[in-house]
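So this block is protein_11.tsv, TSV, C-alpha atoms and all ligand atoms:
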```tsv
chain	number	residue	atom	x	y	z
A	1	MET	CA	-19.49	15.78	-4.58
A	2	ASP	CA	-21.73	13.17	-3.20
A	3	PHE	CA	-21.71	13.46	0.56
A	4	LYS	CA	-23.74	11.17	2.70
A	5	SER	CA	-26.66	13.02	4.13
A	6	SER	CA	-25.81	15.05	7.17
A	7	ASP	CA	-28.30	13.07	9.19
A	8	THR	CA	-26.39	9.90	8.63
A	9	LEU	CA	-23.15	11.49	9.67
A	10	THR	CA	-24.45	13.00	12.89
A	11	SER	CA	-26.73	10.26	14.07
A	12	GLY	CA	-23.82	8.12	15.17
A	13	THR	CA	-23.99	5.58	12.38
A	14	VAL	CA	-20.36	6.34	11.63
A	15	THR	CA	-18.54	4.13	14.05
A	16	GLY	CA	-14.87	4.53	14.52
A	17	PRO	CA	-12.34	1.88	15.47
A	18	ARG	CA	-13.33	-0.76	17.98
A	19	GLU	CA	-11.81	-0.18	21.38
A	20	GLN	CA	-9.00	-2.67	20.75
A	21	ASP	CA	-8.23	-1.02	17.41
A	22	VAL	CA	-7.54	2.42	18.83
A	23	LEU	CA	-3.99	3.62	18.33
A	24	PRO	CA	-2.20	4.98	21.38
A	25	ALA	CA	-1.93	8.76	21.58
A	26	THR	CA	1.83	8.29	21.30
A	27	ALA	CA	1.54	7.07	17.70
A	28	ALA	CA	3.66	9.68	15.95
A	29	ALA	CA	4.62	8.32	12.58
A	30	ALA	CA	3.44	5.83	10.02
A	31	VAL	CA	5.03	3.93	7.19
A	32	LYS	CA	3.46	1.90	4.41
A	33	ILE	CA	4.12	-1.18	2.36
A	34	VAL	CA	2.14	-1.95	-0.77
A	35	ILE	CA	1.04	-5.47	-1.69
A	36	VAL	CA	0.33	-5.55	-5.36
A	37	GLY	CA	-0.75	-8.25	-7.76
A	38	GLY	CA	-3.35	-9.46	-10.24
A	39	PHE	CA	-6.97	-10.30	-9.51
A	40	GLY	CA	-7.52	-13.01	-6.96
A	41	VAL	CA	-3.85	-13.55	-6.24
A	42	GLY	CA	-4.30	-13.21	-2.47
A	43	LYS	CA	-3.69	-9.53	-1.70
A	44	THR	CA	-6.63	-9.14	0.65
A	45	THR	CA	-5.84	-12.47	2.25
A	46	MET	CA	-2.27	-11.41	3.00
A	47	VAL	CA	-3.33	-8.05	4.42
A	48	GLY	CA	-5.86	-9.81	6.63
A	49	SER	CA	-3.37	-12.45	7.81
A	50	VAL	CA	-1.01	-9.97	9.41
A	51	SER	CA	-3.23	-7.00	10.23
A	52	GLU	CA	-4.06	-6.25	13.85
A	53	ILE	CA	-7.34	-4.67	12.74
A	54	ARG	CA	-10.02	-6.22	10.61
A	55	PRO	CA	-8.97	-5.08	7.11
A	56	LEU	CA	-10.61	-1.84	6.04
A	57	THR	CA	-11.50	-0.57	2.62
A	58	THR	CA	-11.07	2.87	1.19
A	59	GLU	CA	-12.84	3.74	-2.02
A	60	GLU	CA	-12.40	6.21	-4.77
A	61	THR	CA	-14.68	7.09	-7.63
A	62	MET	CA	-13.26	7.88	-10.98
A	63	THR	CA	-15.32	9.67	-13.56
A	64	GLN	CA	-14.32	9.05	-17.12
A	65	ALA	CA	-15.53	11.29	-19.85
A	66	GLY	CA	-16.54	9.78	-23.15
A	67	ILE	CA	-14.52	10.42	-26.27
A	68	GLY	CA	-14.17	14.02	-27.37
A	69	VAL	CA	-16.76	15.51	-25.08
A	70	ASP	CA	-14.50	17.81	-23.06
A	71	ASP	CA	-16.56	20.92	-23.63
A	72	ASP	CA	-19.86	19.30	-24.22
A	73	TYR	CA	-21.68	20.02	-20.98
A	74	GLY	CA	-24.84	18.26	-22.04
A	75	SER	CA	-23.01	15.03	-22.58
A	76	GLU	CA	-24.34	11.92	-20.88
A	77	THR	CA	-21.34	9.80	-21.71
A	78	LYS	CA	-19.53	10.07	-18.40
A	79	THR	CA	-19.08	6.84	-16.53
A	80	ALA	CA	-18.11	6.42	-12.89
A	81	THR	CA	-15.95	3.56	-11.74
A	82	THR	CA	-15.49	2.79	-8.08
A	83	VAL	CA	-12.10	1.43	-7.20
A	84	ALA	CA	-11.53	-0.04	-3.76
A	85	MET	CA	-8.35	-0.70	-1.88
A	86	ASP	CA	-8.01	-2.91	1.19
A	87	PHE	CA	-5.60	-2.12	3.92
A	88	GLY	CA	-4.52	-3.29	7.32
A	89	ARG	CA	-2.34	-2.09	10.14
A	90	ILE	CA	0.45	-3.33	12.37
A	91	SER	CA	1.58	-1.31	15.39
A	92	VAL	CA	5.33	-1.64	15.28
A	93	SER	CA	5.84	0.22	18.54
A	94	ASP	CA	4.03	2.83	20.61
A	95	GLU	CA	5.25	5.50	18.19
A	96	LEU	CA	5.47	3.77	14.84
A	97	VAL	CA	2.64	2.26	12.79
A	98	LEU	CA	2.94	0.17	9.64
A	99	TYR	CA	0.10	0.16	7.11
A	100	LEU	CA	-0.28	-2.47	4.41
A	101	PHE	CA	-2.19	-1.62	1.26
A	102	GLY	CA	-3.38	-4.31	-1.10
A	103	THR	CA	-3.83	-2.84	-4.53
A	104	PRO	CA	-4.75	-4.34	-7.87
A	105	GLY	CA	-2.15	-4.58	-10.55
A	106	GLN	CA	-3.78	-2.22	-13.01
A	107	GLU	CA	-1.45	0.68	-12.87
A	108	ARG	CA	-4.01	3.06	-14.38
A	109	PHE	CA	-5.82	3.25	-11.04
A	110	TRP	CA	-2.84	3.99	-8.85
A	111	PHE	CA	-3.02	7.76	-9.26
A	112	LEU	CA	-6.35	7.69	-7.43
A	113	TRP	CA	-4.60	7.12	-4.16
A	114	ASN	CA	-2.62	10.30	-4.19
A	115	GLY	CA	0.88	8.99	-3.93
A	116	LEU	CA	0.23	5.38	-2.94
A	117	PHE	CA	3.80	4.42	-3.79
A	118	GLU	CA	5.31	7.75	-2.85
A	119	GLY	CA	7.05	7.33	0.43
A	120	ALA	CA	6.24	3.62	0.57
A	121	LEU	CA	9.04	1.59	2.11
A	122	GLY	CA	8.65	-0.98	-0.64
A	123	ALA	CA	6.30	-3.43	-2.26
A	124	VAL	CA	5.50	-7.13	-2.27
A	125	VAL	CA	4.52	-8.35	-5.73
A	126	LEU	CA	2.26	-11.36	-5.26
A	127	ILE	CA	2.31	-13.69	-8.20
A	128	ASP	CA	0.39	-16.76	-9.23
A	129	THR	CA	2.42	-19.03	-11.47
A	130	ARG	CA	-0.69	-19.93	-13.43
A	131	ARG	CA	-0.80	-16.34	-14.65
A	132	LEU	CA	2.73	-15.02	-14.48
A	133	GLU	CA	2.27	-12.45	-17.22
A	134	VAL	CA	-0.30	-10.40	-15.30
A	135	SER	CA	2.54	-9.23	-13.06
A	136	PHE	CA	4.83	-8.06	-15.85
A	137	ASP	CA	3.36	-4.59	-16.09
A	138	VAL	CA	3.36	-4.05	-12.33
A	139	ILE	CA	6.99	-5.09	-12.03
A	140	GLY	CA	7.95	-2.76	-14.86
A	141	ARG	CA	6.18	0.17	-13.25
A	142	LEU	CA	7.82	-0.45	-9.88
A	143	GLU	CA	11.22	-0.53	-11.56
A	144	GLU	CA	10.50	2.72	-13.34
A	145	ARG	CA	9.33	4.39	-10.16
A	146	GLY	CA	12.31	3.15	-8.23
A	147	VAL	CA	10.15	1.36	-5.68
A	148	PRO	CA	12.09	-1.56	-4.20
A	149	PHE	CA	10.12	-4.80	-4.28
A	150	ILE	CA	10.30	-8.52	-3.70
A	151	ILE	CA	8.42	-11.31	-5.45
A	152	ALA	CA	6.20	-13.59	-3.39
A	153	VAL	CA	4.84	-16.65	-5.16
A	154	ASN	CA	1.49	-17.49	-3.69
A	155	ASP	CA	1.47	-21.24	-3.74
A	156	PHE	CA	-1.93	-22.33	-5.01
A	157	PRO	CA	-2.33	-26.12	-4.98
A	158	ASP	CA	-2.75	-26.55	-8.71
A	159	ALA	CA	-0.23	-23.92	-9.74
A	160	PRO	CA	2.90	-25.07	-11.55
A	161	ARG	CA	6.10	-24.84	-9.52
A	162	HIS	CA	9.28	-23.51	-10.97
A	163	PRO	CA	12.82	-23.29	-9.66
A	164	VAL	CA	13.79	-19.81	-8.54
A	165	HIS	CA	16.26	-19.30	-11.37
A	166	ALA	CA	13.59	-20.09	-13.95
A	167	LEU	CA	11.24	-17.57	-12.38
A	168	ARG	CA	14.00	-15.00	-12.22
A	169	THR	CA	14.72	-15.47	-15.88
A	170	ALA	CA	11.08	-15.35	-16.88
A	171	LEU	CA	10.50	-12.21	-14.83
A	172	ASP	CA	13.85	-10.73	-15.91
A	173	LEU	CA	14.74	-9.76	-12.37
A	174	ASP	CA	17.98	-8.54	-10.95
A	175	GLU	CA	19.93	-11.17	-9.00
A	176	ARG	CA	19.37	-9.30	-5.77
A	177	VAL	CA	15.58	-9.15	-5.90
A	178	PRO	CA	14.38	-11.82	-3.46
A	179	ILE	CA	11.90	-14.41	-4.68
A	180	VAL	CA	10.06	-16.34	-1.98
A	181	SER	CA	7.06	-18.58	-1.82
A	182	CYS	CA	4.29	-17.95	0.64
A	183	ASP	CA	0.86	-18.94	1.76
A	184	ALA	CA	-1.00	-15.69	2.15
A	185	ARG	CA	-3.57	-17.39	4.37
A	186	GLN	CA	-1.00	-18.00	7.06
A	187	ARG	CA	0.09	-15.28	9.40
A	188	VAL	CA	3.62	-16.60	9.86
A	189	SER	CA	4.19	-17.09	6.16
A	190	SER	CA	2.88	-13.61	5.39
A	191	ARG	CA	4.93	-12.13	8.21
A	192	ASP	CA	8.05	-13.86	6.88
A	193	THR	CA	7.34	-12.46	3.43
A	194	LEU	CA	7.23	-8.95	4.87
A	195	MET	CA	10.43	-9.69	6.77
A	196	THR	CA	12.12	-10.70	3.53
A	197	LEU	CA	11.14	-7.35	2.05
A	198	MET	CA	12.44	-5.53	5.12
A	199	ARG	CA	15.77	-7.39	5.06
A	200	TYR	CA	16.11	-6.55	1.40
A	201	LEU	CA	15.40	-2.87	2.08
A	202	HIS	CA	17.91	-2.99	4.89
A	203	SER	CA	20.56	-4.44	2.60
A	204	LEU	CA	19.85	-1.69	0.07
A	205	ALA	CA	20.23	0.92	2.81
A	206	LEU	CA	23.52	-0.64	3.89
A	207	ALA	CA	24.77	-0.67	0.32
A	208	ARG	CA	24.00	3.03	0.02
A	209	ALA	CA	25.73	3.96	3.25
B	1	MET	CA	18.45	-12.89	12.04
B	2	THR	CA	18.10	-16.19	10.23
B	3	PRO	CA	17.43	-16.35	6.51
B	4	PRO	CA	13.83	-17.06	5.57
B	5	GLN	CA	12.83	-20.69	5.42
B	6	ASP	CA	11.80	-20.89	1.87
B	7	PRO	CA	11.13	-24.06	-0.05
B	8	LEU	CA	11.74	-22.24	-3.32
B	9	GLN	CA	15.17	-21.13	-2.22
B	10	ASP	CA	16.15	-24.72	-1.51
B	11	GLY	CA	16.13	-25.01	-5.23
B	12	LYS	CA	15.76	-28.78	-5.45
B	13	PRO	CA	12.93	-29.43	-7.82
B	14	ASP	CA	11.12	-32.55	-6.79
B	15	ASP	CA	11.09	-34.61	-9.96
B	16	ALA	CA	8.25	-36.71	-8.65
B	17	ASP	CA	6.06	-33.63	-8.36
B	18	PRO	CA	4.29	-33.14	-11.68
B	19	ARG	CA	3.91	-29.46	-10.91
B	20	PHE	CA	7.64	-29.10	-11.50
B	21	GLN	CA	7.41	-30.37	-15.04
B	22	ALA	CA	5.88	-27.20	-16.39
B	23	GLU	CA	7.99	-24.95	-18.55
B	24	ILE	CA	7.63	-21.20	-18.23
B	25	THR	CA	6.69	-19.79	-21.58
B	26	ALA	CA	5.99	-16.17	-20.64
B	27	ARG	CA	8.93	-13.78	-20.63
B	28	ARG	CA	9.17	-10.28	-19.30
B	29	GLU	CA	11.77	-7.73	-20.33
B	30	ARG	CA	13.21	-5.42	-17.76
B	31	ARG	CA	12.29	-1.82	-18.39
B	32	SER	CA	15.18	-0.25	-16.64
B	33	PRO	CA	18.67	-1.73	-16.66
B	34	VAL	CA	19.37	-0.62	-13.11
B	35	PRO	CA	18.33	-2.69	-10.13
B	36	PRO	CA	15.55	-1.24	-8.01
B	37	ALA	CA	16.98	1.66	-6.08
B	38	ARG	CA	15.35	4.35	-4.11
B	39	PRO	CA	15.67	7.80	-5.61
B	40	GLU	CA	17.69	10.07	-3.43
B	41	THR	CA	16.35	12.94	-1.41
B	42	GLY	CA	14.88	15.85	-3.23
B	43	ALA	CA	11.41	17.20	-3.51
B	44	GLY	CA	9.83	17.16	-6.90
B	45	THR	CA	12.04	14.46	-8.31
B	46	GLY	CA	9.55	11.69	-7.57
B	47	ALA	CA	7.33	10.03	-10.07
B	48	PRO	CA	4.22	11.95	-11.03
B	49	THR	CA	1.17	11.08	-9.01
B	50	GLY	CA	-1.27	11.33	-11.84
B	51	PRO	CA	-1.47	11.11	-15.56
B	52	GLY	CA	0.82	13.80	-16.80
B	53	GLY	CA	1.93	14.56	-13.25
B	54	GLY	CA	-0.86	17.08	-13.10
B	55	PRO	CA	-1.95	19.18	-10.17
B	56	ASP	CA	-3.83	16.33	-8.57
B	57	ARG	CA	-2.06	16.53	-5.25
B	58	LEU	CA	-3.55	18.32	-2.33
B	59	TYR	CA	-1.24	20.45	-0.29
B	60	ILE	CA	-1.91	21.30	3.29
B	61	LEU	CA	-0.38	23.35	6.01
B	62	THR	CA	0.73	21.02	8.74
B	63	GLY	CA	0.78	23.74	11.34
B	64	GLU	CA	3.84	22.14	12.86
B	65	ASP	CA	6.26	23.44	10.35
B	66	THR	CA	5.83	25.90	7.57
B	67	GLU	CA	6.49	23.42	4.83
B	68	ARG	CA	3.52	22.43	2.76
B	69	ALA	CA	2.95	18.71	2.77
B	70	PRO	CA	0.43	16.59	0.91
B	71	ILE	CA	-1.96	14.47	2.91
B	72	ASP	CA	-0.83	10.91	2.52
B	73	LEU	CA	-2.88	7.76	3.02
B	74	VAL	CA	-0.87	7.19	6.20
B	75	THR	CA	-0.75	10.73	7.53
B	76	LEU	CA	-1.92	10.37	11.13
B	77	ILE	CA	-4.61	12.88	12.05
B	78	VAL	CA	-5.37	13.93	15.62
B	79	ALA	CA	-8.10	16.33	16.69
B	80	LYS	CA	-6.97	19.37	18.65
B	81	GLY	CA	-10.26	19.62	20.50
B	82	ASP	CA	-13.93	18.80	20.44
B	83	PRO	CA	-16.08	19.87	17.52
B	84	SER	CA	-18.03	23.09	18.00
B	85	PRO	CA	-21.81	22.71	17.91
B	86	THR	CA	-21.90	24.81	14.75
B	87	ALA	CA	-19.36	22.73	12.88
B	88	GLN	CA	-20.35	21.03	9.66
B	89	PRO	CA	-21.52	17.47	10.33
B	90	GLU	CA	-18.73	15.99	8.25
B	91	HIS	CA	-16.19	18.00	10.22
B	92	SER	CA	-17.75	16.99	13.53
B	93	THR	CA	-17.66	13.35	12.58
B	94	LEU	CA	-14.01	13.58	11.58
B	95	LEU	CA	-13.08	15.39	14.77
B	96	ARG	CA	-14.93	12.80	16.83
B	97	LEU	CA	-13.20	9.94	15.02
B	98	CYS	CA	-9.72	11.31	15.45
B	99	ARG	CA	-9.69	11.98	19.16
B	100	THR	CA	-7.04	9.29	18.96
B	101	PRO	CA	-4.66	9.15	15.99
B	102	LEU	CA	-6.12	7.72	12.79
B	103	SER	CA	-4.64	7.66	9.31
B	104	ALA	CA	-6.38	9.44	6.46
B	105	ALA	CA	-7.03	6.00	4.95
B	106	GLU	CA	-8.77	4.79	8.11
B	107	LEU	CA	-10.87	7.94	8.28
B	108	SER	CA	-11.99	7.36	4.71
B	109	ALA	CA	-12.89	3.76	5.53
B	110	TYR	CA	-14.79	4.50	8.74
B	111	MET	CA	-16.69	7.39	7.19
B	112	ALA	CA	-17.36	5.40	4.02
B	113	LEU	CA	-16.41	8.44	2.00
B	114	PRO	CA	-14.13	8.48	-1.04
B	115	TYR	CA	-10.55	9.12	-0.11
B	116	SER	CA	-10.42	12.33	-2.14
B	117	VAL	CA	-13.43	13.70	-0.23
B	118	VAL	CA	-11.75	12.95	3.07
B	119	THR	CA	-8.58	14.73	2.00
B	120	VAL	CA	-10.64	17.81	1.13
B	121	LEU	CA	-12.32	17.75	4.55
B	122	LEU	CA	-9.00	17.24	6.28
B	123	THR	CA	-7.49	20.14	4.37
B	124	GLU	CA	-10.29	22.34	5.68
B	125	LEU	CA	-9.79	21.14	9.24
B	126	LEU	CA	-6.07	21.75	9.00
B	127	ALA	CA	-6.62	25.23	7.63
B	128	ALA	CA	-8.97	25.93	10.57
B	129	ASP	CA	-6.29	24.59	12.91
B	130	LEU	CA	-8.68	22.01	14.33
B	131	VAL	CA	-6.48	18.97	13.73
B	132	HIS	CA	-2.83	18.02	13.80
B	133	ALA	CA	-1.32	16.12	10.93
B	134	ARG	CA	1.51	13.84	11.90
B	135	ALA	CA	3.36	13.55	8.68
B	136	PRO	CA	4.21	10.11	7.40
B	137	VAL	CA	7.79	9.05	7.28
B	138	VAL	CA	8.41	9.76	3.65
B	139	ARG	CA	10.98	8.69	1.21
B	140	SER	CA	12.46	12.15	1.03
B	141	ALA	CA	13.42	11.76	4.63
B	142	LEU	CA	16.37	9.43	4.12
B	143	PRO	CA	15.23	5.81	4.50
B	144	ASP	CA	17.32	5.35	7.54
B	145	ARG	CA	18.33	2.00	8.86
B	146	SER	CA	17.01	2.52	12.34
B	147	LEU	CA	13.52	3.00	10.92
B	148	LEU	CA	13.81	-0.22	8.91
B	149	GLU	CA	15.14	-2.00	11.98
B	150	ALA	CA	12.25	-0.75	14.08
B	151	VAL	CA	9.79	-2.17	11.55
B	152	MET	CA	11.64	-5.48	11.47
B	153	HIS	CA	11.60	-5.61	15.22
B	154	GLY	CA	7.86	-5.00	15.24
B	155	LEU	CA	7.22	-7.70	12.63
B	156	GLN	CA	9.29	-10.19	14.58
B	157	LYS	CA	6.86	-9.86	17.47
B	158	LEU	CA	3.87	-10.74	15.33
A	301	LIG	N1	-4.14	-22.10	-1.65
A	301	LIG	C1	-4.08	-20.78	-1.42
A	301	LIG	N2	-5.16	-20.03	-1.59
A	301	LIG	C2	-5.06	-18.71	-1.35
A	301	LIG	C3	-3.85	-18.13	-0.94
A	301	LIG	N3	-4.03	-16.79	-0.80
A	301	LIG	C4	-5.32	-16.56	-1.12
A	301	LIG	N4	-5.95	-17.71	-1.43
A	301	LIG	C5	-7.34	-17.83	-1.83
A	301	LIG	O1	-7.51	-17.18	-3.07
A	301	LIG	C6	-8.74	-16.47	-3.14
A	301	LIG	C7	-8.53	-15.01	-3.50
A	301	LIG	O2	-7.81	-14.35	-2.48
A	301	LIG	P1	-7.97	-12.78	-2.22
A	301	LIG	O3	-7.13	-12.46	-1.03
A	301	LIG	O4	-9.38	-12.37	-2.20
A	301	LIG	O5	-7.27	-12.19	-3.51
A	301	LIG	P2	-7.16	-10.66	-3.95
A	301	LIG	O6	-5.84	-10.53	-4.60
A	301	LIG	O7	-7.45	-9.74	-2.82
A	301	LIG	O8	-8.31	-10.59	-5.03
A	301	LIG	P3	-8.99	-9.29	-5.71
A	301	LIG	O9	-9.05	-8.22	-4.65
A	301	LIG	O10	-10.33	-9.79	-6.12
A	301	LIG	O11	-8.13	-8.94	-6.86
A	301	LIG	C8	-9.38	-16.64	-1.77
A	301	LIG	O12	-10.34	-17.68	-1.87
A	301	LIG	C9	-8.24	-17.07	-0.88
A	301	LIG	O13	-8.67	-17.90	0.17
A	301	LIG	C10	-2.71	-18.98	-0.76
A	301	LIG	O14	-1.62	-18.56	-0.38
A	301	LIG	N5	-2.87	-20.30	-1.01
A	302	MG	MG	-8.87	-8.12	-2.70
```

Write out the structure in this file as C-alpha cells.
Ligand SMILES: Nc1nc2c(ncn2[C@@H]2O[C@H](COP(=O)(O)OP(=O)(O)OP(=O)(O)O)[C@@H](O)[C@H]2O)c(=O)[nH]1
Ligand SMILES: [Mg+2]
Amino acid sequence: MDFKSSDTLTSGTVTGPREQDVLPATAAAAVKIVIVGGFGVGKTTMVGSVSEIRPLTTEETMTQAGIGVDDDYGSETKTATTVAMDFGRISVSDELVLYLFGTPGQERFWFLWNGLFEGALGAVVLIDTRRLEVSFDVIGRLEERGVPFIIAVNDFPDAPRHPVHALRTALDLDERVPIVSCDARQRVSSRDTLMTLMRYLHSLALARA
Amino acid sequence: MTPPQDPLQDGKPDDADPRFQAEITARRERRSPVPPARPETGAGTGAPTGPGGGPDRLYILTGEDTERAPIDLVTLIVAKGDPSPTAQPEHSTLLRLCRTPLSAAELSAYMALPYSVVTVLLTELLAADLVHARAPVVRSALPDRSLLEAVMHGLQKL
C-alpha cells in the first residue's frame, strides 16, 4: 500500500475540519443518500448546493490486471485507475447526520465504496434529457438492488423538455416513482429534490406498515 | 407538508417553447417488474458488495456490542483518548482528527488516503480499542418512519 510518508502525516499538514465544520460530540448516528448520474449531469453541484461543509472527496485506487496474467508475477500489465467520489454533509439534528454522496453512473466502480448503497436511505437519479440513455443502466441496477429512488431532471437551458408521462414511459418507471425537475445550482431546488425523495421513502414506509 | 412545486408536474407543455417539440426516442426496459421496495430485515440477504459478492468487506468489532459490523462510509468514528507517543503516525493522525466525531469518508478525505486504506487503519484502531465506532443507521435496522421524519425535519430547516 502506498502510504504518504510518515513525515507528512505527523508534521501537521493533515488538517481536519474547519472549526465550523466540526460535528458536535452528541452526533450519534448517520444516514446517507446517494446522488447518481452520468458525467457532468450536476452531481457535484447538487452536493455542494445543500452541504454545510465544503464538499469533500474520497478516492479509491483500483488495480486491474491485464488479460490472463493471474499467476504471472513478472507481468507489467497492471493498470491503476483512481476513482473519486464527492460528498457533503447536513446536520439534521444534534444526534443525526445526513451524508450525500455523488457518484458516477458506471456501476462497475460502485463496489469500491464498500457498500455505498447498502444502508442508504435512497437515491436521487440526476438525468439530463439530452442524454437520457446514460441513466438506463443506473436505474436498472437500483431496481435490482431494491434501492428506492426518484428521478430529478436537471434542467439545462438547451435540453429538450418532455412531459412527465413521456419521461416515465421512456424510462419505464413505476407510476409511484416521483419525477421532478431541479436546478442543482440552487440550494432550495436541491433541498426540495431531497425532500421529494424523503416523502417518497416515507410513503413507502407507510405502505409497509 | 405541501407537495413540491414542480413545473414538470404541472404537465402543461408550453407549445410555444421549442424545447417541448422534441420526441423521446430512447427507451428503457424495466429490469424487475416490482416497484422499488426495500428488502426486509435480514443480514446477508443484501446485494453483494463486490463482483461475485466476494470477501471484500471489512468486518470490525465495534466494542459496543459483540456483533461484527463492517465499517461504512458514514460510520462515525470517535477517539477514546489521545494518541500515545509511540503510535504509528497514521494512527496518531486519525486519533487526532477524530477527537470529535467524523465519518470514515471524511477521515479518508482529510487524510487524502484511499478509502480502503482508511478502513484498514480504522480496523486496527478498533481492535486496539482506541476508537469508538458509532454504527450507521443501516437498512437492516427497520427504516422507521421517525428516522425519515427527523431527516425531513432537518432538510426543512435548510
Ligand atoms: N443550467 C444548469 N447547469 C448546471 C446544473 N447543474 C450543474 N450545472 C453545470 O453543469 C456542469 C457540470 O456540473 P457538475 O456538478 O460538475 O457535474 P457532475 O455530475 O459532478 O460531473 P462529473 O463529476 O464530472 O461526472 C457545471 O458547469 C455546472 O455548473 C443545473 O441544474 N442547471
Ligand atoms: Mg462531479

Check every protein, DNA and RNA residue against ligand LIG 301 (chain A), keep those with an atom at most 10 Å away (counting all atoms listed in the file), and present them as a PyMOL selection string. chain A and resi 35-49+84-86+102-105+126-128+152-159+181-186+189-190

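For the choices B:Ile24, B:Ala135, B:Cys98, B:Ile77, the atom-to-atom distance to Leu167 (chain A) is smallest for B:Ile24 when using all atoms listed in the file.
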
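Taking all atoms listed in the file, the non-local environment of region 107-114 of chain B within 7 Å (same-chain residues fewer than 4 positions away omitted) comprises Val14, Thr15, Gly16, Leu56, Thr57, Thr58, Glu59, Glu60 and Thr61 of chain A; Leu102, Ser103 and Val118 of chain B.
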
Saved selection, atoms kept: C-alpha atoms, as an mmCIF file, in the frame of the given file:
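Printed below is part07.cif as written:
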```
data_model
loop_
_atom_site.group_PDB
_atom_site.id
_atom_site.type_symbol
_atom_site.label_atom_id
_atom_site.label_comp_id
_atom_site.auth_asym_id
_atom_site.auth_seq_id
_atom_site.Cartn_x
_atom_site.Cartn_y
_atom_site.Cartn_z
ATOM 1 C CA VAL A 14 -20.360 6.340 11.630
ATOM 2 C CA THR A 15 -18.540 4.130 14.050
ATOM 3 C CA GLY A 16 -14.870 4.530 14.520
ATOM 4 C CA LEU A 56 -10.610 -1.840 6.040
ATOM 5 C CA THR A 57 -11.500 -0.570 2.620
ATOM 6 C CA THR A 58 -11.070 2.870 1.190
ATOM 7 C CA GLU A 59 -12.840 3.740 -2.020
ATOM 8 C CA GLU A 60 -12.400 6.210 -4.770
ATOM 9 C CA THR A 61 -14.680 7.090 -7.630
ATOM 10 C CA LEU B 102 -6.120 7.720 12.790
ATOM 11 C CA SER B 103 -4.640 7.660 9.310
ATOM 12 C CA VAL B 118 -11.750 12.950 3.070
#
```

re CA of Ala104 (chain B) and CA of Phe149 (chain A): distance 24.3 Å

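Shortest atom-to-atom contact with chain B among A:Val34, A:Ala80, A:Val147, A:Met62: A:Val147, counting all atoms listed in the file.
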
With distances taken over all atoms listed in the file, the candidate from A:Val83, A:Val188, A:Leu204, A:Val92 nearest ligand MG 302 (chain A) is A:Val83

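Interatomic distance, CA of Arg131 (chain A) to CA of Asn114 (chain A): 28.7 Å.
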
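The smallest atom-to-atom distance between chain B and any of A:Glu143, A:Glu52, A:Glu175, A:Glu107, using all atoms listed in the file, is found for A:Glu143.
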
- Message: Could you list, as an MDAnalysis selection string, every residue within 12 Å of Gly154 (chain B), counting all atoms listed in the file and ignoring same-chain residues fewer than 6 positions away?
- Response: (chainID A and resid 50 89:98 191 194:195 198) or (chainID B and resid 147:148)

The residue from A:Pro160, A:Ala207, A:Arg199, A:Val125 with the smallest atom-to-atom distance to chain B, counting only C-alpha atoms, is A:Pro160
